>>> print(open('protein23.pdb').read())   # PDB, C-alpha atoms, pLDDT in the B column
ATOM      1  CA  MET T   1      56.108  35.885  -0.476  1.00 77.00           C
ATOM      2  CA  ASN T   2      54.666  34.677  -3.756  1.00 88.00           C
ATOM      3  CA  LYS T   3      51.021  34.401  -2.684  1.00 91.00           C
ATOM      4  CA  ILE T   4      49.993  32.540  -5.852  1.00 89.00           C
ATOM      5  CA  GLN T   5      52.570  29.778  -5.242  1.00 88.00           C
ATOM      6  CA  VAL T   6      51.602  29.525  -1.579  1.00 88.00           C
ATOM      7  CA  LEU T   7      47.884  29.301  -2.397  1.00 88.00           C
ATOM      8  CA  LYS T   8      48.529  26.728  -5.126  1.00 85.00           C
ATOM      9  CA  SER T   9      50.306  24.543  -2.540  1.00 86.00           C
ATOM     10  CA  CYS T  10      47.078  24.358  -0.485  1.00 86.00           C
ATOM     11  CA  SER T  11      44.828  21.458  -1.473  1.00 79.00           C
ATOM     12  CA  LEU T  12      41.789  23.675  -0.995  1.00 80.00           C
ATOM     13  CA  PHE T  13      42.921  25.922  -3.842  1.00 83.00           C
ATOM     14  CA  GLU T  14      44.798  23.486  -6.093  1.00 79.00           C
ATOM     15  CA  SER T  15      41.915  23.234  -8.593  1.00 77.00           C
ATOM     16  CA  LEU T  16      41.986  26.973  -9.295  1.00 81.00           C
ATOM     17  CA  ASN T  17      43.551  28.074 -12.560  1.00 83.00           C
ATOM     18  CA  HIS T  18      46.166  30.826 -12.708  1.00 86.00           C
ATOM     19  CA  VAL T  19      43.610  33.620 -13.243  1.00 85.00           C
ATOM     20  CA  GLU T  20      41.512  32.423 -10.287  1.00 83.00           C
ATOM     21  CA  LEU T  21      44.606  32.089  -8.098  1.00 86.00           C
ATOM     22  CA  SER T  22      45.628  35.570  -9.162  1.00 89.00           C
ATOM     23  CA  ASN T  23      42.174  36.893  -8.221  1.00 88.00           C
ATOM     24  CA  LEU T  24      42.416  35.178  -4.831  1.00 89.00           C
ATOM     25  CA  SER T  25      45.897  36.569  -4.359  1.00 92.00           C
ATOM     26  CA  ASP T  26      44.655  40.068  -5.212  1.00 92.00           C
ATOM     27  CA  ILE T  27      41.907  39.989  -2.578  1.00 93.00           C
ATOM     28  CA  SER T  28      44.121  38.530   0.162  1.00 94.00           C
ATOM     29  CA  LYS T  29      46.427  40.486   2.410  1.00 96.00           C
ATOM     30  CA  GLU T  30      49.497  39.033   4.079  1.00 96.00           C
ATOM     31  CA  VAL T  31      49.352  39.441   7.859  1.00 97.00           C
ATOM     32  CA  SER T  32      51.621  38.234  10.625  1.00 98.00           C
ATOM     33  CA  PHE T  33      51.046  37.564  14.298  1.00 98.00           C
ATOM     34  CA  ASP T  34      53.640  37.138  17.017  1.00 98.00           C
ATOM     35  CA  ARG T  35      53.559  34.088  19.258  1.00 95.00           C
ATOM     36  CA  ARG T  36      50.795  34.359  21.895  1.00 94.00           C
ATOM     37  CA  SER T  37      49.065  37.286  20.152  1.00 97.00           C
ATOM     38  CA  ILE T  38      45.303  37.186  19.685  1.00 97.00           C
ATOM     39  CA  ILE T  39      44.114  37.023  16.077  1.00 98.00           C
ATOM     40  CA  PHE T  40      40.480  37.519  17.047  1.00 97.00           C
ATOM     41  CA  HIS T  41      38.342  37.152  20.152  1.00 97.00           C
ATOM     42  CA  GLU T  42      35.253  35.045  20.660  1.00 95.00           C
ATOM     43  CA  GLY T  43      32.285  37.344  20.041  1.00 95.00           C
ATOM     44  CA  ASP T  44      34.089  39.703  17.626  1.00 96.00           C
ATOM     45  CA  LYS T  45      32.178  40.337  14.401  1.00 96.00           C
ATOM     46  CA  ALA T  46      33.496  37.898  11.773  1.00 96.00           C
ATOM     47  CA  PHE T  47      34.498  39.889   8.728  1.00 94.00           C
ATOM     48  CA  LEU T  48      37.868  38.300   7.929  1.00 96.00           C
ATOM     49  CA  LEU T  49      38.753  34.742   6.969  1.00 93.00           C
ATOM     50  CA  TYR T  50      42.368  33.598   7.365  1.00 96.00           C
ATOM     51  CA  VAL T  51      44.428  31.071   5.421  1.00 94.00           C
ATOM     52  CA  ILE T  52      47.304  29.998   7.651  1.00 95.00           C
ATOM     53  CA  ILE T  53      50.556  29.915   5.716  1.00 95.00           C
ATOM     54  CA  GLU T  54      53.051  29.310   8.536  1.00 94.00           C
ATOM     55  CA  GLY T  55      52.645  28.537  12.201  1.00 94.00           C
ATOM     56  CA  GLN T  56      50.041  27.092  14.533  1.00 93.00           C
ATOM     57  CA  VAL T  57      46.881  28.723  15.905  1.00 95.00           C
ATOM     58  CA  LYS T  58      44.896  27.642  18.956  1.00 94.00           C
ATOM     59  CA  ALA T  59      41.106  27.988  18.841  1.00 93.00           C
ATOM     60  CA  SER T  60      39.636  28.130  22.333  1.00 93.00           C
ATOM     61  CA  SER T  61      36.592  29.157  24.291  1.00 91.00           C
ATOM     62  CA  PHE T  62      36.008  29.701  27.976  1.00 88.00           C
ATOM     63  CA  THR T  63      33.493  28.082  30.298  1.00 85.00           C
ATOM     64  CA  SER T  64      31.282  30.114  32.619  1.00 88.00           C
ATOM     65  CA  ASP T  65      33.748  29.446  35.460  1.00 87.00           C
ATOM     66  CA  GLY T  66      36.676  30.746  33.375  1.00 85.00           C
ATOM     67  CA  ARG T  67      38.297  27.461  32.321  1.00 83.00           C
ATOM     68  CA  GLU T  68      39.781  27.414  28.850  1.00 87.00           C
ATOM     69  CA  VAL T  69      38.549  24.737  26.448  1.00 86.00           C
ATOM     70  CA  ILE T  70      40.871  24.192  23.483  1.00 88.00           C
ATOM     71  CA  LEU T  71      38.659  23.363  20.539  1.00 88.00           C
ATOM     72  CA  GLU T  72      41.194  22.903  17.761  1.00 88.00           C
ATOM     73  CA  ILE T  73      44.738  23.556  16.606  1.00 90.00           C
ATOM     74  CA  PHE T  74      45.002  24.989  13.088  1.00 91.00           C
ATOM     75  CA  GLY T  75      48.092  24.842  10.866  1.00 90.00           C
ATOM     76  CA  HIS T  76      49.419  25.206   7.332  1.00 91.00           C
ATOM     77  CA  CYS T  77      46.782  25.840   4.633  1.00 90.00           C
ATOM     78  CA  GLU T  78      43.870  25.581   7.053  1.00 90.00           C
ATOM     79  CA  LEU T  79      41.071  28.138   7.125  1.00 89.00           C
ATOM     80  CA  LEU T  80      40.503  30.083  10.300  1.00 93.00           C
ATOM     81  CA  GLY T  81      37.098  31.639  10.984  1.00 92.00           C
ATOM     82  CA  GLN T  82      35.417  30.184   7.910  1.00 89.00           C
ATOM     83  CA  ILE T  83      32.210  29.021   9.591  1.00 88.00           C
ATOM     84  CA  SER T  84      31.574  32.346  11.316  1.00 92.00           C
ATOM     85  CA  VAL T  85      32.348  34.291   8.134  1.00 92.00           C
ATOM     86  CA  LEU T  86      30.058  32.085   6.029  1.00 88.00           C
ATOM     87  CA  GLN T  87      27.276  32.376   8.614  1.00 90.00           C
ATOM     88  CA  GLY T  88      27.670  36.138   8.952  1.00 91.00           C
ATOM     89  CA  THR T  89      27.923  35.866  12.741  1.00 94.00           C
ATOM     90  CA  SER T  90      30.571  36.626  15.317  1.00 95.00           C
ATOM     91  CA  TYR T  91      33.585  34.389  15.845  1.00 96.00           C
ATOM     92  CA  ALA T  92      32.663  31.361  17.967  1.00 93.00           C
ATOM     93  CA  TYR T  93      36.104  31.062  19.566  1.00 94.00           C
ATOM     94  CA  THR T  94      39.241  33.026  20.365  1.00 96.00           C
ATOM     95  CA  ALA T  95      42.154  32.438  17.985  1.00 97.00           C
ATOM     96  CA  GLU T  96      45.627  32.736  19.498  1.00 96.00           C
ATOM     97  CA  ALA T  97      48.952  32.310  17.718  1.00 96.00           C
ATOM     98  CA  LEU T  98      50.860  29.436  19.342  1.00 92.00           C
ATOM     99  CA  THR T  99      53.917  30.260  17.253  1.00 93.00           C
ATOM    100  CA  ASN T 100      54.775  33.164  15.014  1.00 96.00           C
ATOM    101  CA  VAL T 101      52.093  33.016  12.329  1.00 97.00           C
ATOM    102  CA  ILE T 102      51.932  34.229   8.745  1.00 97.00           C
ATOM    103  CA  ALA T 103      48.488  34.166   7.183  1.00 97.00           C
ATOM    104  CA  LEU T 104      46.491  35.604   4.343  1.00 96.00           C
ATOM    105  CA  SER T 105      43.368  37.500   5.367  1.00 96.00           C
ATOM    106  CA  ILE T 106      40.383  37.738   3.048  1.00 94.00           C
ATOM    107  CA  GLU T 107      37.430  40.040   3.597  1.00 95.00           C
ATOM    108  CA  LYS T 108      34.030  38.365   3.793  1.00 94.00           C
ATOM    109  CA  GLU T 109      32.499  40.197   0.811  1.00 94.00           C
ATOM    110  CA  ASP T 110      35.484  39.410  -1.421  1.00 92.00           C
ATOM    111  CA  PHE T 111      35.383  35.761  -0.370  1.00 89.00           C
ATOM    112  CA  PHE T 112      31.652  35.530  -1.179  1.00 90.00           C
ATOM    113  CA  LYS T 113      32.248  37.004  -4.648  1.00 90.00           C
ATOM    114  CA  LEU T 114      34.985  34.448  -5.232  1.00 85.00           C
ATOM    115  CA  LEU T 115      32.704  31.588  -4.162  1.00 85.00           C
ATOM    116  CA  LYS T 116      29.850  32.813  -6.392  1.00 88.00           C
ATOM    117  CA  ASN T 117      32.160  32.829  -9.397  1.00 84.00           C
ATOM    118  CA  ASN T 118      33.879  29.498  -8.748  1.00 82.00           C
ATOM    119  CA  CYS T 119      31.814  26.348  -8.327  1.00 83.00           C
ATOM    120  CA  ASP T 120      34.873  24.114  -7.801  1.00 80.00           C
ATOM    121  CA  LEU T 121      36.097  26.252  -4.918  1.00 80.00           C
ATOM    122  CA  SER T 122      32.596  26.374  -3.415  1.00 84.00           C
ATOM    123  CA  MET T 123      32.451  22.571  -3.519  1.00 86.00           C
ATOM    124  CA  LYS T 124      35.885  22.304  -1.877  1.00 83.00           C
ATOM    125  CA  ILE T 125      34.814  24.712   0.858  1.00 81.00           C
ATOM    126  CA  MET T 126      31.711  22.583   1.471  1.00 85.00           C
ATOM    127  CA  GLY T 127      33.932  19.490   1.619  1.00 84.00           C
ATOM    128  CA  ASN T 128      36.187  21.279   4.085  1.00 79.00           C
ATOM    129  CA  LEU T 129      33.168  22.168   6.232  1.00 82.00           C
ATOM    130  CA  GLY T 130      32.000  18.549   6.070  1.00 85.00           C
ATOM    131  CA  LYS T 131      35.422  17.431   7.276  1.00 82.00           C
ATOM    132  CA  ARG T 132      35.227  19.893  10.204  1.00 79.00           C
ATOM    133  CA  ILE T 133      31.766  18.551  11.122  1.00 85.00           C
ATOM    134  CA  ARG T 134      33.046  14.962  11.013  1.00 88.00           C
ATOM    135  CA  ILE T 135      35.979  15.867  13.290  1.00 80.00           C
ATOM    136  CA  LEU T 136      33.607  17.552  15.740  1.00 78.00           C
ATOM    137  CA  GLN T 137      31.304  14.519  15.707  1.00 84.00           C
ATOM    138  CA  GLU T 138      34.270  12.271  16.501  1.00 83.00           C
ATOM    139  CA  LYS T 139      35.284  14.565  19.364  1.00 78.00           C
ATOM    140  CA  LEU T 140      31.746  14.530  20.746  1.00 79.00           C
ATOM    141  CA  HIS T 141      31.710  10.740  20.544  1.00 79.00           C
ATOM    142  CA  ASP T 142      35.030  10.589  22.384  1.00 77.00           C
ATOM    143  CA  PHE T 143      33.816  12.963  25.125  1.00 75.00           C
ATOM    144  CA  VAL T 144      30.711  10.887  25.718  1.00 75.00           C
ATOM    145  CA  GLY T 145      32.005   7.386  25.128  1.00 79.00           C
ATOM    146  CA  GLU T 146      35.709   7.216  25.891  1.00 82.00           C
ATOM    147  CA  LYS T 147      37.621   7.221  29.164  1.00 84.00           C
ATOM    148  CA  VAL T 148      39.863  10.201  29.896  1.00 82.00           C
ATOM    149  CA  GLU T 149      43.011   8.100  29.418  1.00 85.00           C
ATOM    150  CA  GLN T 150      41.866   7.100  25.922  1.00 84.00           C
ATOM    151  CA  ARG T 151      41.049  10.711  25.019  1.00 83.00           C
ATOM    152  CA  ILE T 152      44.483  11.851  26.189  1.00 85.00           C
ATOM    153  CA  ALA T 153      46.226   9.090  24.217  1.00 85.00           C
ATOM    154  CA  LYS T 154      44.212   9.956  21.100  1.00 83.00           C
ATOM    155  CA  ILE T 155      44.957  13.703  21.269  1.00 82.00           C
ATOM    156  CA  LEU T 156      48.660  13.006  21.819  1.00 84.00           C
ATOM    157  CA  ILE T 157      48.722  10.802  18.721  1.00 84.00           C
ATOM    158  CA  VAL T 158      46.882  13.429  16.646  1.00 81.00           C
ATOM    159  CA  LEU T 159      49.175  16.217  17.862  1.00 80.00           C
ATOM    160  CA  SER T 160      52.327  14.192  17.200  1.00 84.00           C
ATOM    161  CA  GLU T 161      51.131  13.424  13.660  1.00 82.00           C
ATOM    162  CA  ARG T 162      50.542  17.132  13.020  1.00 78.00           C
ATOM    163  CA  MET T 163      53.450  18.648  14.942  1.00 78.00           C
ATOM    164  CA  GLY T 164      56.105  15.955  15.247  1.00 79.00           C
ATOM    165  CA  SER T 165      57.544  14.461  18.402  1.00 78.00           C
ATOM    166  CA  GLU T 166      57.930  17.850  20.139  1.00 81.00           C
ATOM    167  CA  ILE T 167      54.422  18.723  21.363  1.00 80.00           C
ATOM    168  CA  PRO T 168      54.493  22.305  22.681  1.00 78.00           C
ATOM    169  CA  PHE T 169      51.565  22.063  25.095  1.00 81.00           C
ATOM    170  CA  THR T 170      51.419  22.051  28.868  1.00 80.00           C
ATOM    171  CA  ARG T 171      49.575  19.375  30.836  1.00 84.00           C
ATOM    172  CA  GLN T 172      46.871  21.957  31.499  1.00 81.00           C
ATOM    173  CA  GLU T 173      46.432  22.577  27.759  1.00 83.00           C
ATOM    174  CA  ILE T 174      46.296  18.838  27.004  1.00 85.00           C
ATOM    175  CA  ALA T 175      43.667  18.451  29.747  1.00 81.00           C
ATOM    176  CA  SER T 176      41.724  21.332  28.227  1.00 79.00           C
ATOM    177  CA  MET T 177      41.752  19.657  24.810  1.00 81.00           C
ATOM    178  CA  VAL T 178      40.123  16.504  26.168  1.00 80.00           C
ATOM    179  CA  GLY T 179      37.697  18.089  28.613  1.00 78.00           C
ATOM    180  CA  THR T 180      39.272  17.148  31.902  1.00 79.00           C
ATOM    181  CA  THR T 181      41.238  18.710  34.733  1.00 77.00           C
ATOM    182  CA  ILE T 182      45.000  18.849  35.024  1.00 78.00           C
ATOM    183  CA  GLU T 183      44.824  16.589  38.091  1.00 79.00           C
ATOM    184  CA  THR T 184      43.147  13.868  36.022  1.00 73.00           C
ATOM    185  CA  ALA T 185      45.563  14.365  33.107  1.00 70.00           C
ATOM    186  CA  ILE T 186      48.638  13.811  35.288  1.00 69.00           C
TER     187      ILE T 186
END
>>> encode(input="protein23.pdb", output="structure tokens")
Amino acid sequence: MNKIQVLKSCSLFESLNHVELSNLSDISKEVSFDRRSIIFHEGDKAFLLYVIIEGQVKASSFTSDGREVILEIFGHCELLGQISVLQGTSYAYTAEALTNVIALSIEKEDFFKLLKNNCDLSMKIMGNLGKRIRILQEKLHDFVGEKVEQRIAKILIVLSERMGSEIPFTRQEIASMVGTTIETAI
């Protein structure tokens, strides 16, 4: 894999010049995960950030009674674990490969050095974080203000836009994404 070409194809890194892309490529390590393997667990110390190159990753957490809550689905060129790495905390969710995944991992200290030396990238990361916050605010609004049927319809539209007409989730997983039970989702 030509890491520089792959990174350049990601909008987050498109403003970097060749030297900066080369530096990013040098500090990243190509990693792969088989379908259904765990990339990291909720509560693990966050010391690696991932740039997803191929595949889909499910971010989920579990309620006190053991029910899975699917928080997000990450795909091509999206950052996995960025908030926890930037905060210096543990991962706030479990990341599981939904498909075979190829990613680039970047150690926290190396990522911080890169951000300190590149204002444009720092601004893009802040924009990316702002986008994540906006998405979470919309989800919170939907949970509080929308009926279950509307939430299901909305998540199906979002998933089909991201993944095509073949949505690889069970009814239980769809229910988990919208905060309801499988019985209600049927």
>>> residues_around(input="protein23.pdb", residues="range 35-43 of chain T", least_positions_apart="2", cutoff="6 Å", atoms="all atoms listed in the file", output="MDAnalysis selection string")
chainID T and resid 90:100
>>> resolve_selection(input="protein23.pdb", expression="the PyMOL selection byres ((chain T and resi 84) around 12)", output="compact mmCIF listing (two decimals) with C-alpha atoms, in the frame of the given file")
# COMPACT_ATOMS: atom_id res chain seq x y z
CA PHE T 40 40.48 37.52 17.05
CA GLU T 42 35.25 35.04 20.66
CA GLY T 43 32.28 37.34 20.04
CA ASP T 44 34.09 39.70 17.63
CA LYS T 45 32.18 40.34 14.40
CA ALA T 46 33.50 37.90 11.77
CA PHE T 47 34.50 39.89 8.73
CA LEU T 48 37.87 38.30 7.93
CA LEU T 49 38.75 34.74 6.97
CA TYR T 50 42.37 33.60 7.36
CA LEU T 79 41.07 28.14 7.12
CA LEU T 80 40.50 30.08 10.30
CA GLY T 81 37.10 31.64 10.98
CA GLN T 82 35.42 30.18 7.91
CA ILE T 83 32.21 29.02 9.59
CA VAL T 85 32.35 34.29 8.13
CA LEU T 86 30.06 32.08 6.03
CA GLN T 87 27.28 32.38 8.61
CA GLY T 88 27.67 36.14 8.95
CA THR T 89 27.92 35.87 12.74
CA SER T 90 30.57 36.63 15.32
CA TYR T 91 33.58 34.39 15.84
CA ALA T 92 32.66 31.36 17.97
CA TYR T 93 36.10 31.06 19.57
CA THR T 94 39.24 33.03 20.36
CA LYS T 108 34.03 38.36 3.79
CA LEU T 129 33.17 22.17 6.23
>>> closest_residue(input="protein23.pdb", among="T:Ile133, T:Leu104, T:Leu114, T:Val6", to="Asn23 in chain T", atoms="all atoms listed in the file")
T:Leu114
>>> closest_atom_pairs(input="protein23.pdb", of="range 52-73 of chain T", to="range 155-173 of chain T", cutoff="10 Å", atoms="all atoms listed in the file", output="tab-separated table")
residue	atom	partner	partner_atom	distance
T:Gln56	CA	T:Met163	CA	9.1
T:Glu68	CA	T:Glu173	CA	8.3
T:Val69	CA	T:Glu173	CA	8.3
T:Ile70	CA	T:Glu173	CA	7.2
T:Ile73	CA	T:Leu159	CA	8.7
>>> resolve_selection(input="protein23.pdb", expression="the PyMOL selection byres ((chain T and resi 26-30) around 7)", output="JSON, numbers by chain")
{"T": [22, 23, 24, 25, 31, 32, 103, 104, 105, 106, 110]}
>>> closest_residue(input="protein23.pdb", among="T:Ile53, T:Phe111, T:Phe33, T:Ile152", to="Ile4 in chain T", atoms="only C-alpha atoms")
T:Ile53
>>> resolve_selection(input="protein23.pdb", expression="the PyMOL selection byres ((chain T and resi 120) around 12)", output="MDAnalysis selection string")
chainID T and resid 12:17 20 114:119 121:127
>>> atom_distance(input="protein23.pdb", atom1="CA of Arg151 in chain T", atom2="CA of Val57 in chain T")
21.0 Å
>>> atom_distance(input="protein23.pdb", atom1="CA of Arg67 in chain T", atom2="CA of Thr180 in chain T")
10.4 Å
>>> closest_residue(input="protein23.pdb", among="T:Leu136, T:Ile174, T:Val144, T:Val101", to="Asp34 in chain T", atoms="only C-alpha atoms")
T:Val101
>>> atom_distance(input="protein23.pdb", atom1="CA of Ser61 in chain T", atom2="CA of Ala175 in chain T")
13.9 Å
>>> build_atoms(input="protein23.pdb", residues="range 71-82 of chain T", atoms="all heavy atoms", output="mmCIF file, in the coordinates of the input")
data_model
loop_
_atom_site.group_PDB
_atom_site.id
_atom_site.type_symbol
_atom_site.label_atom_id
_atom_site.label_comp_id
_atom_site.auth_asym_id
_atom_site.auth_seq_id
_atom_site.Cartn_x
_atom_site.Cartn_y
_atom_site.Cartn_z
ATOM 1 N N LEU T 71 39.533 24.014 21.500
ATOM 2 C CA LEU T 71 38.659 23.363 20.539
ATOM 3 C C LEU T 71 39.417 22.726 19.390
ATOM 4 O O LEU T 71 39.031 21.670 18.890
ATOM 5 C CB LEU T 71 37.657 24.381 19.986
ATOM 6 C CG LEU T 71 36.819 25.111 21.035
ATOM 7 C CD1 LEU T 71 36.050 26.253 20.396
ATOM 8 C CD2 LEU T 71 35.885 24.137 21.730
ATOM 9 N N GLU T 72 40.478 23.386 18.947
ATOM 10 C CA GLU T 72 41.194 22.903 17.761
ATOM 11 C C GLU T 72 42.543 23.601 17.664
ATOM 12 O O GLU T 72 42.725 24.693 18.196
ATOM 13 C CB GLU T 72 40.366 23.204 16.514
ATOM 14 C CG GLU T 72 40.914 22.649 15.224
ATOM 15 C CD GLU T 72 40.933 21.126 15.208
ATOM 16 O OE1 GLU T 72 39.873 20.504 15.185
ATOM 17 O OE2 GLU T 72 42.053 20.580 15.223
ATOM 18 N N ILE T 73 43.456 22.957 16.970
ATOM 19 C CA ILE T 73 44.738 23.556 16.606
ATOM 20 C C ILE T 73 44.767 23.613 15.085
ATOM 21 O O ILE T 73 44.572 22.593 14.419
ATOM 22 C CB ILE T 73 45.940 22.724 17.122
ATOM 23 C CG1 ILE T 73 45.843 22.494 18.643
ATOM 24 C CG2 ILE T 73 47.253 23.392 16.726
ATOM 25 C CD1 ILE T 73 45.876 23.738 19.486
ATOM 26 N N PHE T 74 44.971 24.798 14.537
ATOM 27 C CA PHE T 74 45.002 24.989 13.088
ATOM 28 C C PHE T 74 46.444 25.189 12.627
ATOM 29 O O PHE T 74 47.254 25.782 13.341
ATOM 30 C CB PHE T 74 44.177 26.215 12.681
ATOM 31 C CG PHE T 74 42.703 26.061 12.915
ATOM 32 C CD1 PHE T 74 42.113 26.539 14.076
ATOM 33 C CD2 PHE T 74 41.898 25.444 11.971
ATOM 34 C CE1 PHE T 74 40.758 26.403 14.296
ATOM 35 C CE2 PHE T 74 40.536 25.300 12.185
ATOM 36 C CZ PHE T 74 39.967 25.780 13.348
ATOM 37 N N GLY T 75 46.747 24.708 11.408
ATOM 38 C CA GLY T 75 48.092 24.842 10.866
ATOM 39 C C GLY T 75 48.077 25.170 9.388
ATOM 40 O O GLY T 75 47.080 25.677 8.851
ATOM 41 N N HIS T 76 49.166 24.858 8.725
ATOM 42 C CA HIS T 76 49.419 25.206 7.332
ATOM 43 C C HIS T 76 48.231 24.912 6.412
ATOM 44 O O HIS T 76 47.702 23.803 6.404
ATOM 45 C CB HIS T 76 50.659 24.468 6.833
ATOM 46 C CG HIS T 76 50.983 24.707 5.396
ATOM 47 N ND1 HIS T 76 51.392 25.926 4.932
ATOM 48 C CD2 HIS T 76 50.936 23.892 4.322
ATOM 49 C CE1 HIS T 76 51.587 25.848 3.627
ATOM 50 N NE2 HIS T 76 51.317 24.616 3.238
ATOM 51 N N CYS T 77 47.827 25.917 5.662
ATOM 52 C CA CYS T 77 46.782 25.840 4.633
ATOM 53 C C CYS T 77 45.381 25.600 5.188
ATOM 54 O O CYS T 77 44.461 25.293 4.432
ATOM 55 C CB CYS T 77 47.117 24.809 3.564
ATOM 56 S SG CYS T 77 48.412 25.357 2.445
ATOM 57 N N GLU T 78 45.207 25.734 6.487
ATOM 58 C CA GLU T 78 43.870 25.581 7.053
ATOM 59 C C GLU T 78 43.196 26.944 7.152
ATOM 60 O O GLU T 78 43.850 27.969 7.312
ATOM 61 C CB GLU T 78 43.935 24.897 8.413
ATOM 62 C CG GLU T 78 44.365 23.446 8.286
ATOM 63 C CD GLU T 78 44.309 22.689 9.585
ATOM 64 O OE1 GLU T 78 44.977 23.109 10.551
ATOM 65 O OE2 GLU T 78 43.602 21.663 9.629
ATOM 66 N N LEU T 79 41.860 26.917 7.053
ATOM 67 C CA LEU T 79 41.071 28.138 7.125
ATOM 68 C C LEU T 79 40.668 28.415 8.561
ATOM 69 O O LEU T 79 40.206 27.524 9.260
ATOM 70 C CB LEU T 79 39.813 28.028 6.263
ATOM 71 C CG LEU T 79 40.034 27.846 4.766
ATOM 72 C CD1 LEU T 79 38.689 27.746 4.051
ATOM 73 C CD2 LEU T 79 40.848 28.980 4.184
ATOM 74 N N LEU T 80 40.823 29.645 8.952
ATOM 75 C CA LEU T 80 40.503 30.083 10.300
ATOM 76 C C LEU T 80 39.327 31.055 10.227
ATOM 77 O O LEU T 80 39.382 32.034 9.487
ATOM 78 C CB LEU T 80 41.735 30.777 10.871
ATOM 79 C CG LEU T 80 41.804 31.132 12.332
ATOM 80 C CD1 LEU T 80 41.698 29.883 13.190
ATOM 81 C CD2 LEU T 80 43.110 31.847 12.621
ATOM 82 N N GLY T 81 38.256 30.755 10.949
ATOM 83 C CA GLY T 81 37.098 31.639 10.984
ATOM 84 C C GLY T 81 36.099 31.429 9.869
ATOM 85 O O GLY T 81 35.155 32.202 9.725
ATOM 86 N N GLN T 82 36.263 30.370 9.092
ATOM 87 C CA GLN T 82 35.417 30.184 7.910
ATOM 88 C C GLN T 82 33.941 30.021 8.234
ATOM 89 O O GLN T 82 33.090 30.579 7.557
ATOM 90 C CB GLN T 82 35.901 29.010 7.069
ATOM 91 C CG GLN T 82 35.689 27.654 7.691
ATOM 92 C CD GLN T 82 36.130 26.506 6.807
ATOM 93 O OE1 GLN T 82 36.342 26.678 5.627
ATOM 94 N NE2 GLN T 82 36.257 25.331 7.381
#
